[in-house]
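What follows is the content of run36.cif, which has mmCIF, C-alpha atoms:
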```
data_entry
#
loop_
_atom_site.label_atom_id
_atom_site.label_comp_id
_atom_site.auth_asym_id
_atom_site.auth_seq_id
_atom_site.Cartn_x
_atom_site.Cartn_y
_atom_site.Cartn_z
CA ASP A 1 -6.85 6.90 -9.67
CA GLY A 2 -8.73 5.01 -12.38
CA GLY A 3 -9.45 1.38 -11.82
CA ILE A 4 -11.85 -1.41 -11.00
CA THR A 5 -13.07 -2.05 -7.49
CA GLN A 6 -14.70 -5.17 -6.17
CA SER A 7 -16.19 -5.42 -2.74
CA PRO A 8 -15.94 -7.07 -0.38
CA LYS A 9 -12.66 -8.97 -0.68
CA TYR A 10 -14.04 -11.90 1.32
CA LEU A 11 -17.71 -12.85 1.55
CA PHE A 12 -19.34 -15.60 3.58
CA ARG A 13 -22.91 -16.81 3.13
CA LYS A 14 -25.13 -19.63 4.25
CA GLU A 15 -26.38 -22.10 1.69
CA GLY A 16 -29.72 -21.11 0.22
CA GLN A 17 -29.08 -17.36 0.39
CA ASN A 18 -28.62 -15.13 -2.61
CA VAL A 19 -25.58 -12.88 -2.53
CA THR A 20 -24.56 -9.91 -4.70
CA LEU A 21 -20.97 -9.12 -5.60
CA SER A 22 -20.13 -5.55 -6.44
CA CYS A 23 -18.03 -4.36 -9.41
CA GLU A 24 -17.43 -0.69 -10.17
CA GLN A 25 -15.11 0.92 -12.72
CA ASN A 26 -14.16 4.54 -13.39
CA LEU A 27 -12.20 3.85 -16.57
CA ASN A 28 -15.06 4.87 -18.88
CA HIS A 29 -15.00 1.35 -20.30
CA ASP A 30 -17.93 0.13 -22.35
CA ALA A 31 -17.58 -3.61 -21.76
CA MET A 32 -17.59 -5.46 -18.45
CA TYR A 33 -17.16 -9.14 -17.60
CA TRP A 34 -17.55 -11.58 -14.73
CA TYR A 35 -15.30 -14.63 -14.37
CA ARG A 36 -15.17 -17.49 -11.94
CA GLN A 37 -11.84 -19.04 -10.95
CA ASP A 38 -11.53 -22.48 -9.35
CA PRO A 39 -8.32 -24.31 -8.35
CA GLY A 40 -6.67 -26.03 -11.31
CA GLN A 41 -8.90 -24.30 -13.81
CA GLY A 42 -8.55 -21.16 -15.83
CA LEU A 43 -10.97 -18.30 -15.65
CA ARG A 44 -14.43 -19.15 -16.91
CA LEU A 45 -16.79 -16.47 -18.22
CA ILE A 46 -20.11 -16.11 -16.39
CA TYR A 47 -21.67 -13.02 -17.98
CA TYR A 48 -20.54 -10.07 -20.04
CA SER A 49 -21.97 -6.74 -21.08
CA GLN A 50 -20.81 -4.65 -24.01
CA ILE A 51 -23.17 -1.74 -23.41
CA VAL A 52 -25.49 -0.37 -20.75
CA ASN A 53 -28.81 -2.22 -20.39
CA ASP A 54 -27.53 -5.20 -22.36
CA PHE A 55 -25.71 -8.34 -21.25
CA GLN A 56 -25.03 -11.83 -22.53
CA LYS A 57 -24.55 -15.23 -20.94
CA GLY A 58 -21.08 -16.65 -20.87
CA ASP A 59 -20.06 -20.28 -20.59
CA ILE A 60 -21.31 -20.93 -17.04
CA ALA A 61 -24.26 -18.57 -16.48
CA GLU A 62 -26.56 -21.04 -14.72
CA GLY A 63 -27.32 -19.96 -11.17
CA TYR A 64 -26.08 -16.39 -11.72
CA SER A 65 -27.74 -13.12 -12.70
CA VAL A 66 -26.46 -9.64 -13.56
CA SER A 67 -27.65 -6.14 -14.33
CA ARG A 68 -26.06 -3.22 -16.18
CA GLU A 69 -28.08 -0.12 -15.36
CA LYS A 70 -25.06 2.18 -15.30
CA LYS A 71 -21.88 2.19 -17.36
CA GLU A 72 -19.75 2.11 -14.21
CA SER A 73 -21.44 -0.80 -12.45
CA PHE A 74 -21.97 -4.49 -13.20
CA PRO A 75 -23.14 -6.37 -10.09
CA LEU A 76 -23.29 -10.17 -10.05
CA THR A 77 -25.88 -12.07 -8.01
CA VAL A 78 -25.08 -15.64 -7.04
CA THR A 79 -28.44 -17.31 -6.50
CA SER A 80 -29.33 -20.34 -4.43
CA ALA A 81 -29.67 -22.25 -7.72
CA GLN A 82 -25.89 -22.22 -8.20
CA LYS A 83 -24.77 -25.70 -7.11
CA ASN A 84 -21.16 -24.90 -6.17
CA PRO A 85 -20.93 -21.17 -5.49
CA THR A 86 -17.73 -21.22 -3.42
CA ALA A 87 -15.06 -19.74 -5.69
CA PHE A 88 -12.96 -16.69 -6.49
CA TYR A 89 -14.84 -14.16 -8.64
CA LEU A 90 -13.11 -11.66 -10.89
CA CYS A 91 -14.63 -8.68 -12.63
CA ALA A 92 -13.00 -7.09 -15.69
CA SER A 93 -13.63 -4.26 -18.10
CA SER A 94 -12.37 -3.15 -21.51
CA GLY A 95 -12.72 -0.35 -24.05
CA PRO A 96 -13.40 1.96 -25.65
CA GLY A 97 -12.32 1.56 -29.24
CA GLN A 98 -9.12 -0.38 -29.85
CA ASN A 99 -8.81 -1.00 -26.14
CA LEU A 100 -11.74 -3.41 -26.28
CA TYR A 101 -9.10 -6.05 -26.87
CA GLU A 102 -7.45 -5.65 -23.48
CA GLN A 103 -9.26 -6.50 -20.30
CA TYR A 104 -8.42 -4.89 -16.97
CA PHE A 105 -9.23 -6.85 -13.85
CA GLY A 106 -10.43 -5.97 -10.38
CA PRO A 107 -8.85 -7.47 -7.24
CA GLY A 108 -11.49 -10.19 -6.94
CA THR A 109 -13.94 -11.44 -4.30
CA ARG A 110 -13.52 -14.76 -2.53
CA LEU A 111 -17.01 -16.18 -1.85
CA THR A 112 -17.45 -19.00 0.64
CA VAL A 113 -20.84 -20.65 1.02
CA THR A 114 -21.39 -23.11 3.87
CA ALA B 1 -14.92 -23.54 -30.74
CA GLN B 2 -11.62 -22.16 -29.61
CA THR B 3 -9.51 -23.90 -26.98
CA VAL B 4 -6.33 -22.90 -25.16
CA THR B 5 -3.95 -25.46 -23.67
CA GLN B 6 -1.17 -24.89 -21.17
CA SER B 7 0.52 -28.24 -20.69
CA GLN B 8 2.86 -27.25 -17.84
CA PRO B 9 0.91 -27.02 -14.55
CA GLU B 10 4.03 -26.03 -12.57
CA MET B 11 7.52 -24.81 -13.35
CA SER B 12 10.45 -23.43 -11.42
CA VAL B 13 13.47 -21.39 -12.40
CA GLN B 14 16.51 -20.03 -10.63
CA GLU B 15 16.71 -16.30 -10.13
CA ALA B 16 18.41 -14.55 -13.10
CA GLU B 17 17.83 -17.54 -15.38
CA THR B 18 15.50 -17.75 -18.39
CA VAL B 19 12.29 -19.77 -18.52
CA THR B 20 9.78 -20.47 -21.26
CA LEU B 21 6.09 -21.16 -20.66
CA SER B 22 4.14 -22.99 -23.36
CA CYS B 23 0.70 -22.29 -24.78
CA THR B 24 -1.08 -23.84 -27.73
CA TYR B 25 -4.48 -22.99 -29.06
CA ASP B 26 -6.99 -24.24 -31.56
CA THR B 27 -9.02 -21.97 -33.80
CA SER B 28 -10.30 -21.66 -37.34
CA GLU B 29 -10.10 -17.87 -37.14
CA ASN B 30 -7.45 -15.99 -39.10
CA ASN B 31 -7.49 -12.75 -37.12
CA TYR B 32 -7.25 -12.85 -33.35
CA TYR B 33 -5.34 -11.69 -30.30
CA LEU B 34 -3.28 -13.66 -27.83
CA PHE B 35 -2.39 -12.58 -24.31
CA TRP B 36 -0.32 -13.59 -21.33
CA TYR B 37 -1.64 -12.57 -17.93
CA LYS B 38 0.18 -12.86 -14.62
CA GLN B 39 -1.61 -13.58 -11.34
CA PRO B 40 0.71 -13.15 -8.32
CA PRO B 41 -0.21 -14.35 -4.83
CA SER B 42 -2.31 -11.19 -4.39
CA ARG B 43 -4.55 -12.71 -7.13
CA GLN B 44 -4.63 -9.43 -9.08
CA MET B 45 -4.60 -10.26 -12.81
CA ILE B 46 -1.98 -8.23 -14.67
CA LEU B 47 -1.53 -8.09 -18.44
CA VAL B 48 2.03 -9.08 -19.33
CA ILE B 49 2.05 -9.01 -23.11
CA ARG B 50 -0.26 -9.00 -26.13
CA GLN B 51 0.18 -10.32 -29.69
CA GLU B 52 -1.96 -9.57 -32.72
CA ALA B 53 -2.14 -12.57 -35.04
CA TYR B 54 -1.70 -10.45 -38.18
CA LYS B 55 1.68 -9.20 -36.96
CA GLN B 56 4.60 -11.47 -37.79
CA GLN B 57 6.94 -9.74 -35.38
CA ASN B 58 6.99 -11.25 -31.91
CA ALA B 59 5.89 -8.91 -29.12
CA THR B 60 8.34 -7.92 -26.40
CA GLU B 61 7.92 -6.04 -23.11
CA ASN B 62 11.17 -5.56 -21.26
CA ARG B 63 12.19 -8.99 -19.91
CA PHE B 64 9.11 -10.67 -21.40
CA SER B 65 8.90 -11.84 -25.00
CA VAL B 66 6.79 -14.27 -26.96
CA ASN B 67 7.47 -16.82 -29.66
CA PHE B 68 4.37 -16.72 -31.84
CA GLN B 69 4.11 -19.52 -34.39
CA LYS B 70 0.80 -18.99 -36.19
CA ALA B 71 0.93 -22.10 -38.36
CA ALA B 72 1.71 -24.28 -35.37
CA LYS B 73 -0.83 -22.37 -33.21
CA SER B 74 1.77 -21.90 -30.53
CA PHE B 75 2.32 -18.88 -28.29
CA SER B 76 5.07 -19.33 -25.72
CA LEU B 77 6.24 -16.77 -23.17
CA LYS B 78 9.92 -16.29 -22.42
CA ILE B 79 10.95 -14.59 -19.19
CA SER B 80 14.56 -13.47 -19.14
CA ASP B 81 16.60 -12.62 -16.04
CA SER B 82 13.88 -14.09 -13.81
CA GLN B 83 13.16 -12.20 -10.61
CA LEU B 84 11.55 -13.29 -7.36
CA GLY B 85 8.62 -11.00 -8.19
CA ASP B 86 7.89 -13.09 -11.28
CA THR B 87 6.58 -15.87 -9.04
CA ALA B 88 2.93 -16.18 -10.06
CA MET B 89 0.34 -18.07 -12.04
CA TYR B 90 0.57 -17.30 -15.74
CA PHE B 91 -2.47 -17.58 -17.97
CA CYS B 92 -2.55 -17.65 -21.74
CA ALA B 93 -5.70 -16.22 -23.34
CA PHE B 94 -7.23 -16.03 -26.83
CA MET B 95 -9.67 -13.51 -28.27
CA LYS B 96 -11.23 -13.34 -31.72
CA HIS B 97 -10.51 -10.13 -33.61
CA SER B 98 -14.17 -9.17 -33.88
CA GLY B 99 -17.45 -10.02 -32.29
CA THR B 100 -17.95 -10.38 -28.58
CA TYR B 101 -14.44 -9.64 -27.28
CA LYS B 102 -14.57 -12.71 -25.08
CA TYR B 103 -11.39 -14.28 -23.74
CA ILE B 104 -10.74 -18.01 -23.70
CA PHE B 105 -8.24 -18.82 -20.96
CA GLY B 106 -5.88 -21.74 -20.51
CA THR B 107 -5.66 -23.50 -17.14
CA GLY B 108 -2.49 -21.69 -16.14
CA THR B 109 1.14 -22.45 -15.27
CA ARG B 110 2.34 -21.88 -11.74
CA LEU B 111 5.86 -20.44 -11.91
CA LYS B 112 8.14 -20.30 -8.90
CA VAL B 113 11.36 -18.32 -9.04
CA LEU B 114 13.98 -19.72 -6.66
CA ALA B 115 16.53 -17.59 -4.85
#
```
Take the structure in the file and write it out as structure tokens.
Amino acid sequence: DGGITQSPKYLFRKEGQNVTLSCEQNLNHDAMYWYRQDPGQGLRLIYYSQIVNDFQKGDIAEGYSVSREKKESFPLTVTSAQKNPTAFYLCASSGPGQNLYEQYFGPGTRLTVT
Amino acid sequence: AQTVTQSQPEMSVQEAETVTLSCTYDTSENNYYLFWYKQPPSRQMILVIRQEAYKQQNATENRFSVNFQKAAKSFSLKISDSQLGDTAMYFCAFMKHSGTYKYIFGTGTRLKVLA
């Protein structure tokens, strides 16, 4: 079945540690996105990539980093510089062609940093 | 910059009744897309319906329909014959027609369908 996978579903880390969230898609989509969701707020864009080996900062990129070495994969690293990393993280993808306008979402990863 | 506003943080509706969720947006663009996404308790985001701004006809998907008022920059979602499975957070989203394909999301409306 085609889709987007995010692992793990729940992730716990100690403050000061970097942590990498996985996002893989087998939909042959060109574009991929990372969002952060906090209670009472909508989804906010962290980073996005429209093509392999290229990515752009979103609205809240500080304290995060990404890579896009393969079309299928778009991992997100939450660094120790991120002040409030505890949140729900959603990965999405879209494309190709006309389908760039519709984003498909993974199941999300709940990150808790203590 | 574009903004999306959902002014109803929470709503409830009786099973089989009809409910309308509001969304307004602000943009200087003429061509764009609008979306409604559903996020049930599982937290999986699911696309409910999509509207292209250049189309005057309101989009419909089974029990879901929109009232798109371009001049008023309003994009409301109507759910008919509400079902218990419709209980979820509903997010309105905006995307420009060209460029970066980025979504701008509203803060969501939590809908509870009552038995």
Tell me, as a VMD selection string, which residues lie within 10 Å of Thr109 (chain B), counting all atoms listed in the file; anything in the same chain fewer than 2 positions away does not count. (chain A and resid 40 42) or (chain B and resid 6 to 11 21 to 23 38 88 to 92 106 to 107 111 to 112)
Distance of CA of Leu27 (chain A) from CA of Ser42 (chain B), expressed in Å to one decimal place: 21.7 Å
Applied to the shown file, which residues does the PyMOL selection byres ((chain A and resi 62-67) around 7) return, written as a ChimeraX atom specification? /A:60-61,68-69,74-79,81-82
Keeping C-alpha atoms for every residue in the selection just given, could you write it to a file as a short mmCIF file (atom, residue, chain, number, x, y, z; two decimals), in the frame of the given file?
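Done, and the output landed in result.cif:
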```
data_model
loop_
_atom_site.label_atom_id
_atom_site.label_comp_id
_atom_site.auth_asym_id
_atom_site.auth_seq_id
_atom_site.Cartn_x
_atom_site.Cartn_y
_atom_site.Cartn_z
CA ILE A 60 -21.31 -20.93 -17.04
CA ALA A 61 -24.26 -18.57 -16.48
CA ARG A 68 -26.06 -3.22 -16.18
CA GLU A 69 -28.08 -0.12 -15.36
CA PHE A 74 -21.97 -4.49 -13.20
CA PRO A 75 -23.14 -6.37 -10.09
CA LEU A 76 -23.29 -10.17 -10.05
CA THR A 77 -25.88 -12.07 -8.01
CA VAL A 78 -25.08 -15.64 -7.04
CA THR A 79 -28.44 -17.31 -6.50
CA ALA A 81 -29.67 -22.25 -7.72
CA GLN A 82 -25.89 -22.22 -8.20
#
```
Apply the PyMOL selection byres ((chain B) within 10 of (chain A)) to the structure shown and report the selected residues as number ranges by chain. B: 4, 6, 9, 32-35, 42-47, 50, 52, 90-93, 95-98, 100-110
Neighbours of region 12-16 of chain A within 8 Å (all atoms listed in the file; same-chain residues fewer than 4 positions away dropped), as a list in words?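 Near neighbours after the sequence-gap exclusion: Thr79, Ser80, Leu111, Thr112, Val113 and Thr114 of chain A.
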CA of Val48 (chain B) to CA of Phe64 (chain B): how many Å, to one decimal? 7.5 Å
Taking the file as shown, find all residues satisfying the PyMOL selection byres ((chain A and resi 4) around 6) and write them as a list in words.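 Applied to this file, the PyMOL selection byres ((chain A and resi 4) around 6) selects Gly3, Thr5, Glu24, Gln25 and Gly106 of chain A.
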Take the residues that were just selected and, keeping C-alpha atoms, output them as a PDB file, in the frame of the given file.
```pdb
ATOM      1  CA  GLY A   3      -9.450   1.380 -11.820  1.00  0.00           C
ATOM      2  CA  THR A   5     -13.070  -2.050  -7.490  1.00  0.00           C
ATOM      3  CA  GLU A  24     -17.430  -0.690 -10.170  1.00  0.00           C
ATOM      4  CA  GLN A  25     -15.110   0.920 -12.720  1.00  0.00           C
ATOM      5  CA  GLY A 106     -10.430  -5.970 -10.380  1.00  0.00           C
TER       6      GLY A 106
END
```
Can you pull out every residue within 12 Å of Asn62 (chain B), counting all atoms listed in the file, but drop anything in the same chain fewer than 4 positions away, and send it as a ChimeraX atom specification? /B:48-49,66,78-82
